[in-house]
Amino acid sequence: TGDRERQLADIEAMQRYAEQISPIKMANVALRRASFSEAVSDYEAMIEAAKFAIECVSDDGPAAILARSYLEWGIAQERTGDYAAAHEQLQRALALAKEAEDRPLAGLALRGLGIVARAVRRHALAYDYYKEALAQFIELGDLNAQASTLVWLGVLSTDLGDIARARSYYEEALELSRVTGYRYQESFALSNLGSNANYQGDYERATRFIKQALDVSRQIDNRIVECLCLNNLGTVKVNQDDYEEALANYEQSLAIALDTGHRSMEASAATGVGHALIMLGRPVEALDALQEGLRVRRELEEVHLHETLVLLAYGYLKMGNAERAREVVAETLDYLDEDGRFYITEFGLRNYVYLIDVLEAVEDARAGTVLRRAHAELEEEAERI
């Protein structure tokens, strides 16, 4: 957009000026460029800008500048799925922020560490990071940072199957974001509220929230939230059995994820594409998409790896390849036994149905065990509601 072009021109002008003043000025401008790169979802440029800021002041430079640089670097690596490296940079950022007694930066580093911990399925650790970050933001009176952290607590609650608690977090985040007028956070909260309504079977409310979020994301030119919204809309359409529309939304989401390099969203959207294609009777194309989604989720050690596995097994079954379906479903069950579950929503129940269909087709006696597990989890969710 024109605004983005002007912002970039301003940064380049500041950079030329800073080169004549001091390395610290140059580092500060580099950090401006890193923030701009995050806004336009250019994570390679974000990393390069953060590294340049560190080079400008050297490793013994001002702790606050170094903390901000490692924070930007770590955030970019989290977005591209390099979780080990992201953890390392965010830990550096946290230590330096504490050294500089910069509590806002320390809070951001804690929240980033929570996002990484959640991505690698360390749920308890993620919760601790989020709660510590939230406590700091509350003490500081930073409503925007509170809203963002509340959304991530909602995402974590969703992973753990507590849909009602997630909704409470999202609603509080939306209220705060509207108080401050922070539209990015408003769109993020709205999209997740829509996803939450979808999990509860309220498709009209889900569509309304997600479309509101999509409109805001496009107005502010935030492609990552746009990508998330399209993916969430695809899931709503799957639950409404509108697979053509689901496919269209998932494909748009996948295109943005590939263009921006957001690998977690790439895996989710590719899995969605595969799901829609199976239901449209196009299993060969579906398997290509699901195998790509599975490849990325394996590399990222993704929290939702089991969802792609069960769909892949179901796709092989639809192709008539029972032996391959048997192999994939065996891995699916191994994963679930290790640390997985399908949280009980209509979408989660679909995955259990697909899994049971495959087990019954290959005459695997564990179909009954899986059915009992699904029933037990459904009862647990009913008690929470």
# chains A, B, ... in the order shown; residues from 1 in each chain; ligands from 1

call {"tool": "select_by_dssp", "arguments": {"residues": "region 220-327 of chain A", "states": "alpha helix (DSSP H)", "output": "PyMOL selection string"}}
result
chain A and resi 223-239+243-260+263-279+283-300+305-319+322-327

call {"tool": "residues_around", "arguments": {"residues": "region 291-307 of chain A", "least_positions_apart": "5", "cutoff": "6 Å", "atoms": "only C-alpha atoms", "output": "PyMOL selection string"}}
result
chain A and resi 81+121+267+270-271+332

call {"tool": "atom_distance", "arguments": {"atom1": "CA of Val328 (chain A)", "atom2": "CA of Tyr316 (chain A)"}}
result
8.8 Å

call {"tool": "residues_around", "arguments": {"residues": "Glu132 (chain A)", "least_positions_apart": "4", "cutoff": "9 Å", "atoms": "only C-alpha atoms", "output": "ChimeraX atom specification"}}
result
/A:107,110-111,127-128,136-137

call {"tool": "write_last_selection", "arguments": {"atoms": "C-alpha atoms", "output": "PDB file, in the first residue's frame"}}
result
ATOM      1  CA  GLY A 107       7.302  -9.371  29.211  1.00  0.00           C
ATOM      2  CA  LEU A 110       8.329 -14.222  28.159  1.00  0.00           C
ATOM      3  CA  ARG A 111       5.292 -14.234  25.892  1.00  0.00           C
ATOM      4  CA  TYR A 127       1.129 -21.536  30.543  1.00  0.00           C
ATOM      5  CA  ASP A 128       3.743 -20.436  33.095  1.00  0.00           C
ATOM      6  CA  GLN A 136       4.018  -7.991  34.177  1.00  0.00           C
ATOM      7  CA  PHE A 137       1.796  -6.344  31.566  1.00  0.00           C
TER       8      PHE A 137
END

call {"tool": "residues_around", "arguments": {"residues": "Val57 (chain A)", "least_positions_apart": "5", "cutoff": "12 Å", "atoms": "only C-alpha atoms", "output": "short mmCIF file (atom, residue, chain, number, x, y, z; two decimals) with N, CA, C and O atoms, in the first residue's frame"}}
result
data_model
loop_
_atom_site.label_atom_id
_atom_site.label_comp_id
_atom_site.auth_asym_id
_atom_site.auth_seq_id
_atom_site.Cartn_x
_atom_site.Cartn_y
_atom_site.Cartn_z
N SER A 22 25.78 7.86 14.64
CA SER A 22 26.41 6.92 15.58
C SER A 22 25.91 5.49 15.33
O SER A 22 24.83 5.30 14.76
N PRO A 23 26.68 4.49 15.78
CA PRO A 23 26.24 3.10 15.66
C PRO A 23 24.92 2.84 16.40
O PRO A 23 24.12 2.02 15.96
N ILE A 24 24.72 3.50 17.53
CA ILE A 24 23.49 3.29 18.28
C ILE A 24 22.28 3.78 17.48
O ILE A 24 21.24 3.12 17.43
N LYS A 25 22.44 4.92 16.82
CA LYS A 25 21.35 5.41 15.95
C LYS A 25 21.09 4.41 14.82
O LYS A 25 19.93 4.15 14.47
N MET A 26 22.15 3.87 14.27
CA MET A 26 22.00 2.89 13.19
C MET A 26 21.25 1.65 13.69
O MET A 26 20.38 1.11 13.00
N ALA A 27 21.59 1.22 14.91
CA ALA A 27 20.92 0.05 15.48
C ALA A 27 19.44 0.32 15.69
O ALA A 27 18.59 -0.54 15.40
N ASN A 28 19.11 1.50 16.17
CA ASN A 28 17.71 1.84 16.40
C ASN A 28 16.91 1.86 15.09
O ASN A 28 15.75 1.43 15.04
N ALA A 30 17.70 0.12 12.44
CA ALA A 30 17.61 -1.29 12.02
C ALA A 30 16.44 -1.98 12.73
O ALA A 30 15.72 -2.79 12.13
N ALA A 50 17.57 -7.47 12.49
CA ALA A 50 17.94 -7.70 13.89
C ALA A 50 19.42 -8.00 14.03
O ALA A 50 20.10 -7.49 14.93
N LYS A 51 19.94 -8.83 13.13
CA LYS A 51 21.37 -9.14 13.15
C LYS A 51 22.21 -7.88 12.93
O LYS A 51 23.25 -7.69 13.59
N PHE A 52 21.76 -7.04 12.00
CA PHE A 52 22.51 -5.81 11.72
C PHE A 52 22.52 -4.89 12.94
O PHE A 52 23.54 -4.25 13.24
N PRO A 62 24.63 -1.54 24.48
CA PRO A 62 23.55 -1.31 25.44
C PRO A 62 22.62 -2.52 25.53
O PRO A 62 22.13 -3.03 24.52
N ALA A 63 22.36 -2.99 26.75
CA ALA A 63 21.56 -4.20 26.95
C ALA A 63 20.16 -4.07 26.37
O ALA A 63 19.62 -5.04 25.83
N ALA A 64 19.57 -2.88 26.48
CA ALA A 64 18.20 -2.71 25.98
C ALA A 64 18.12 -2.89 24.47
O ALA A 64 17.19 -3.51 23.95
N ILE A 65 19.11 -2.34 23.74
CA ILE A 65 19.12 -2.48 22.28
C ILE A 65 19.36 -3.94 21.90
O ILE A 65 18.70 -4.49 21.01
N LEU A 66 20.29 -4.59 22.60
CA LEU A 66 20.56 -5.99 22.31
C LEU A 66 19.34 -6.86 22.62
O LEU A 66 19.00 -7.78 21.87
N ALA A 67 18.65 -6.55 23.72
CA ALA A 67 17.46 -7.31 24.08
C ALA A 67 16.40 -7.20 23.00
O ALA A 67 15.79 -8.20 22.60
N SER A 69 16.89 -6.50 19.89
CA SER A 69 17.38 -7.16 18.67
C SER A 69 17.16 -8.66 18.73
O SER A 69 16.66 -9.28 17.78
#

call {"tool": "closest_residue", "arguments": {"among": "A:Glu251, A:Met265, A:Asp202, A:Ala124", "to": "Asn239 (chain A)", "atoms": "only C-alpha atoms"}}
result
A:Asp202

call {"tool": "residues_around", "arguments": {"residues": "Tyr170 (chain A)", "least_positions_apart": "2", "cutoff": "12 Å", "atoms": "only C-alpha atoms", "output": "PyMOL selection string"}}
result
chain A and resi 146-158+163-168+172-177+185-197+209

call {"tool": "write_last_selection", "arguments": {"atoms": "N, CA and C atoms", "output": "short mmCIF file (atom, residue, chain, number, x, y, z; two decimals), in the first residue's frame"}}
result
data_model
loop_
_atom_site.label_atom_id
_atom_site.label_comp_id
_atom_site.auth_asym_id
_atom_site.auth_seq_id
_atom_site.Cartn_x
_atom_site.Cartn_y
_atom_site.Cartn_z
N GLN A 146 -1.47 -7.02 27.21
CA GLN A 146 -2.37 -7.90 27.94
C GLN A 146 -3.30 -8.63 26.97
N ALA A 147 -3.87 -7.88 26.03
CA ALA A 147 -4.80 -8.47 25.07
C ALA A 147 -4.14 -9.58 24.26
N SER A 148 -2.94 -9.33 23.77
CA SER A 148 -2.23 -10.33 22.98
C SER A 148 -1.96 -11.59 23.79
N THR A 149 -1.52 -11.40 25.04
CA THR A 149 -1.21 -12.55 25.88
C THR A 149 -2.47 -13.35 26.21
N LEU A 150 -3.58 -12.66 26.41
CA LEU A 150 -4.85 -13.34 26.67
C LEU A 150 -5.28 -14.20 25.48
N VAL A 151 -5.05 -13.69 24.27
CA VAL A 151 -5.38 -14.50 23.09
C VAL A 151 -4.55 -15.77 23.08
N TRP A 152 -3.27 -15.65 23.39
CA TRP A 152 -2.42 -16.85 23.38
C TRP A 152 -2.80 -17.82 24.49
N LEU A 153 -3.27 -17.31 25.62
CA LEU A 153 -3.79 -18.20 26.65
C LEU A 153 -5.05 -18.92 26.15
N GLY A 154 -5.84 -18.22 25.34
CA GLY A 154 -7.00 -18.85 24.73
C GLY A 154 -6.62 -19.94 23.76
N VAL A 155 -5.59 -19.69 22.96
CA VAL A 155 -5.12 -20.71 22.01
C VAL A 155 -4.63 -21.94 22.76
N LEU A 156 -3.89 -21.71 23.85
CA LEU A 156 -3.39 -22.82 24.66
C LEU A 156 -4.55 -23.61 25.28
N SER A 157 -5.56 -22.90 25.77
CA SER A 157 -6.73 -23.57 26.35
C SER A 157 -7.44 -24.42 25.30
N THR A 158 -7.49 -23.92 24.06
CA THR A 158 -8.10 -24.69 22.97
C THR A 158 -7.31 -25.97 22.72
N ILE A 163 -12.60 -25.38 25.73
CA ILE A 163 -13.14 -24.41 24.78
C ILE A 163 -13.83 -23.25 25.50
N ALA A 164 -14.53 -23.54 26.61
CA ALA A 164 -15.22 -22.49 27.35
C ALA A 164 -14.24 -21.49 27.94
N ARG A 165 -13.14 -22.00 28.50
CA ARG A 165 -12.13 -21.10 29.07
C ARG A 165 -11.47 -20.28 27.98
N ALA A 166 -11.23 -20.89 26.84
CA ALA A 166 -10.63 -20.17 25.72
C ALA A 166 -11.51 -18.99 25.32
N ARG A 167 -12.82 -19.24 25.25
CA ARG A 167 -13.73 -18.16 24.86
C ARG A 167 -13.63 -16.99 25.83
N SER A 168 -13.53 -17.26 27.12
CA SER A 168 -13.41 -16.20 28.12
C SER A 168 -12.16 -15.35 27.88
N GLU A 172 -12.15 -11.29 26.69
CA GLU A 172 -11.44 -10.26 27.45
C GLU A 172 -10.42 -9.55 26.57
N ALA A 173 -9.75 -10.31 25.70
CA ALA A 173 -8.77 -9.71 24.79
C ALA A 173 -9.44 -8.75 23.81
N LEU A 174 -10.60 -9.15 23.29
CA LEU A 174 -11.32 -8.28 22.35
C LEU A 174 -11.74 -6.99 23.03
N GLU A 175 -12.23 -7.09 24.25
CA GLU A 175 -12.66 -5.89 24.98
C GLU A 175 -11.49 -4.93 25.17
N LEU A 176 -10.34 -5.45 25.57
CA LEU A 176 -9.16 -4.60 25.78
C LEU A 176 -8.69 -3.96 24.47
N SER A 177 -8.68 -4.73 23.40
CA SER A 177 -8.18 -4.22 22.12
C SER A 177 -9.10 -3.11 21.59
N GLN A 185 -4.74 -6.39 17.08
CA GLN A 185 -5.13 -7.29 18.16
C GLN A 185 -6.62 -7.57 18.14
N GLU A 186 -7.40 -6.57 17.72
CA GLU A 186 -8.84 -6.77 17.58
C GLU A 186 -9.13 -7.88 16.56
N SER A 187 -8.43 -7.83 15.43
CA SER A 187 -8.66 -8.83 14.39
C SER A 187 -8.22 -10.21 14.85
N PHE A 188 -7.12 -10.29 15.60
CA PHE A 188 -6.61 -11.56 16.10
C PHE A 188 -7.61 -12.18 17.09
N ALA A 189 -8.15 -11.34 17.98
CA ALA A 189 -9.12 -11.83 18.96
C ALA A 189 -10.42 -12.25 18.27
N LEU A 190 -10.88 -11.47 17.30
CA LEU A 190 -12.11 -11.80 16.58
C LEU A 190 -11.98 -13.13 15.83
N SER A 191 -10.85 -13.33 15.17
CA SER A 191 -10.66 -14.57 14.42
C SER A 191 -10.70 -15.78 15.34
N ASN A 192 -10.06 -15.65 16.50
CA ASN A 192 -10.05 -16.76 17.44
C ASN A 192 -11.40 -16.96 18.10
N LEU A 193 -12.14 -15.88 18.32
CA LEU A 193 -13.50 -16.02 18.81
C LEU A 193 -14.37 -16.78 17.79
N GLY A 194 -14.14 -16.48 16.52
CA GLY A 194 -14.86 -17.19 15.47
C GLY A 194 -14.52 -18.66 15.46
N SER A 195 -13.24 -18.96 15.59
CA SER A 195 -12.81 -20.35 15.64
C SER A 195 -13.43 -21.05 16.85
N ASN A 196 -13.48 -20.34 17.97
CA ASN A 196 -14.07 -20.89 19.19
C ASN A 196 -15.56 -21.19 18.99
N ALA A 197 -16.29 -20.27 18.35
CA ALA A 197 -17.71 -20.49 18.08
C ALA A 197 -17.90 -21.69 17.15
N PHE A 209 -17.86 -13.51 13.20
CA PHE A 209 -16.63 -13.05 13.84
C PHE A 209 -15.44 -13.12 12.88
#

call {"tool": "atom_distance", "arguments": {"atom1": "CA of Leu247 (chain A)", "atom2": "CA of Val273 (chain A)"}}
result
5.6 Å

call {"tool": "closest_residue", "arguments": {"among": "A:Arg373, A:Leu96, A:Leu280, A:Asp364", "to": "Gly61 (chain A)", "atoms": "only C-alpha atoms"}}
result
A:Leu96

call {"tool": "decode", "arguments": {"residues": "region 247-259 of chain A", "atoms": "all heavy atoms", "output": "mmCIF file, in the first residue's frame"}}
result
data_model
loop_
_atom_site.group_PDB
_atom_site.id
_atom_site.type_symbol
_atom_site.label_atom_id
_atom_site.label_comp_id
_atom_site.auth_asym_id
_atom_site.auth_seq_id
_atom_site.Cartn_x
_atom_site.Cartn_y
_atom_site.Cartn_z
ATOM 1 N N LEU A 247 -12.467 -25.476 0.373
ATOM 2 C CA LEU A 247 -11.256 -25.594 -0.437
ATOM 3 C C LEU A 247 -10.777 -24.225 -0.904
ATOM 4 O O LEU A 247 -9.571 -23.923 -0.828
ATOM 5 C CB LEU A 247 -11.522 -26.493 -1.648
ATOM 6 C CG LEU A 247 -10.350 -26.706 -2.605
ATOM 7 C CD1 LEU A 247 -9.165 -27.343 -1.893
ATOM 8 C CD2 LEU A 247 -10.781 -27.567 -3.797
ATOM 9 N N ALA A 248 -11.692 -23.370 -1.347
ATOM 10 C CA ALA A 248 -11.318 -22.041 -1.819
ATOM 11 C C ALA A 248 -10.646 -21.238 -0.702
ATOM 12 O O ALA A 248 -9.617 -20.570 -0.920
ATOM 13 C CB ALA A 248 -12.541 -21.297 -2.336
ATOM 14 N N ASN A 249 -11.188 -21.311 0.505
ATOM 15 C CA ASN A 249 -10.607 -20.572 1.629
ATOM 16 C C ASN A 249 -9.250 -21.133 2.026
ATOM 17 O O ASN A 249 -8.297 -20.380 2.273
ATOM 18 C CB ASN A 249 -11.567 -20.606 2.826
ATOM 19 C CG ASN A 249 -12.729 -19.643 2.675
ATOM 20 O OD1 ASN A 249 -12.532 -18.447 2.514
ATOM 21 N ND2 ASN A 249 -13.941 -20.152 2.711
ATOM 22 N N TYR A 250 -9.156 -22.453 2.088
ATOM 23 C CA TYR A 250 -7.880 -23.072 2.455
ATOM 24 C C TYR A 250 -6.794 -22.757 1.419
ATOM 25 O O TYR A 250 -5.627 -22.513 1.774
ATOM 26 C CB TYR A 250 -8.039 -24.586 2.584
ATOM 27 C CG TYR A 250 -8.704 -25.069 3.843
ATOM 28 C CD1 TYR A 250 -9.709 -26.039 3.788
ATOM 29 C CD2 TYR A 250 -8.317 -24.599 5.094
ATOM 30 C CE1 TYR A 250 -10.312 -26.518 4.945
ATOM 31 C CE2 TYR A 250 -8.918 -25.068 6.252
ATOM 32 C CZ TYR A 250 -9.912 -26.022 6.174
ATOM 33 O OH TYR A 250 -10.504 -26.499 7.320
ATOM 34 N N GLU A 251 -7.153 -22.772 0.144
ATOM 35 C CA GLU A 251 -6.154 -22.496 -0.898
ATOM 36 C C GLU A 251 -5.655 -21.056 -0.807
ATOM 37 O O GLU A 251 -4.458 -20.798 -1.004
ATOM 38 C CB GLU A 251 -6.749 -22.778 -2.272
ATOM 39 C CG GLU A 251 -6.877 -24.273 -2.560
ATOM 40 C CD GLU A 251 -7.491 -24.573 -3.913
ATOM 41 O OE1 GLU A 251 -8.257 -23.722 -4.435
ATOM 42 O OE2 GLU A 251 -7.226 -25.660 -4.451
ATOM 43 N N GLN A 252 -6.549 -20.124 -0.521
ATOM 44 C CA GLN A 252 -6.115 -18.732 -0.339
ATOM 45 C C GLN A 252 -5.192 -18.612 0.870
ATOM 46 O O GLN A 252 -4.180 -17.899 0.834
ATOM 47 C CB GLN A 252 -7.323 -17.823 -0.156
ATOM 48 C CG GLN A 252 -8.171 -17.623 -1.403
ATOM 49 C CD GLN A 252 -9.360 -16.728 -1.112
ATOM 50 O OE1 GLN A 252 -9.213 -15.524 -0.865
ATOM 51 N NE2 GLN A 252 -10.548 -17.310 -1.112
ATOM 52 N N SER A 253 -5.548 -19.290 1.954
ATOM 53 C CA SER A 253 -4.718 -19.267 3.156
ATOM 54 C C SER A 253 -3.340 -19.856 2.877
ATOM 55 O O SER A 253 -2.308 -19.301 3.290
ATOM 56 C CB SER A 253 -5.404 -20.053 4.276
ATOM 57 O OG SER A 253 -4.624 -20.066 5.447
ATOM 58 N N LEU A 254 -3.305 -20.965 2.144
ATOM 59 C CA LEU A 254 -2.038 -21.621 1.825
ATOM 60 C C LEU A 254 -1.157 -20.720 0.967
ATOM 61 O O LEU A 254 0.063 -20.638 1.183
ATOM 62 C CB LEU A 254 -2.306 -22.940 1.102
ATOM 63 C CG LEU A 254 -1.086 -23.756 0.694
ATOM 64 C CD1 LEU A 254 -0.220 -24.100 1.896
ATOM 65 C CD2 LEU A 254 -1.512 -25.030 -0.044
ATOM 66 N N ALA A 255 -1.751 -20.014 0.021
ATOM 67 C CA ALA A 255 -0.975 -19.120 -0.844
ATOM 68 C C ALA A 255 -0.293 -18.028 -0.028
ATOM 69 O O ALA A 255 0.883 -17.702 -0.256
ATOM 70 C CB ALA A 255 -1.882 -18.501 -1.911
ATOM 71 N N ILE A 256 -1.011 -17.467 0.941
ATOM 72 C CA ILE A 256 -0.423 -16.416 1.782
ATOM 73 C C ILE A 256 0.675 -17.006 2.665
ATOM 74 O O ILE A 256 1.748 -16.407 2.830
ATOM 75 C CB ILE A 256 -1.504 -15.744 2.646
ATOM 76 C CG1 ILE A 256 -2.508 -14.997 1.769
ATOM 77 C CG2 ILE A 256 -0.869 -14.778 3.651
ATOM 78 C CD1 ILE A 256 -3.707 -14.441 2.510
ATOM 79 N N ALA A 257 0.423 -18.177 3.239
ATOM 80 C CA ALA A 257 1.422 -18.816 4.101
ATOM 81 C C ALA A 257 2.712 -19.088 3.342
ATOM 82 O O ALA A 257 3.819 -18.846 3.849
ATOM 83 C CB ALA A 257 0.862 -20.111 4.685
ATOM 84 N N LEU A 258 2.588 -19.580 2.112
ATOM 85 C CA LEU A 258 3.784 -19.852 1.301
ATOM 86 C C LEU A 258 4.500 -18.565 0.937
ATOM 87 O O LEU A 258 5.738 -18.505 0.930
ATOM 88 C CB LEU A 258 3.383 -20.608 0.034
ATOM 89 C CG LEU A 258 2.937 -22.065 0.246
ATOM 90 C CD1 LEU A 258 2.305 -22.619 -1.031
ATOM 91 C CD2 LEU A 258 4.121 -22.930 0.662
ATOM 92 N N ASP A 259 3.747 -17.522 0.645
ATOM 93 C CA ASP A 259 4.345 -16.252 0.241
ATOM 94 C C ASP A 259 5.075 -15.577 1.389
ATOM 95 O O ASP A 259 6.110 -14.944 1.193
ATOM 96 C CB ASP A 259 3.257 -15.326 -0.305
ATOM 97 C CG ASP A 259 3.830 -14.084 -0.966
ATOM 98 O OD1 ASP A 259 4.790 -14.216 -1.761
ATOM 99 O OD2 ASP A 259 3.342 -12.976 -0.682
#
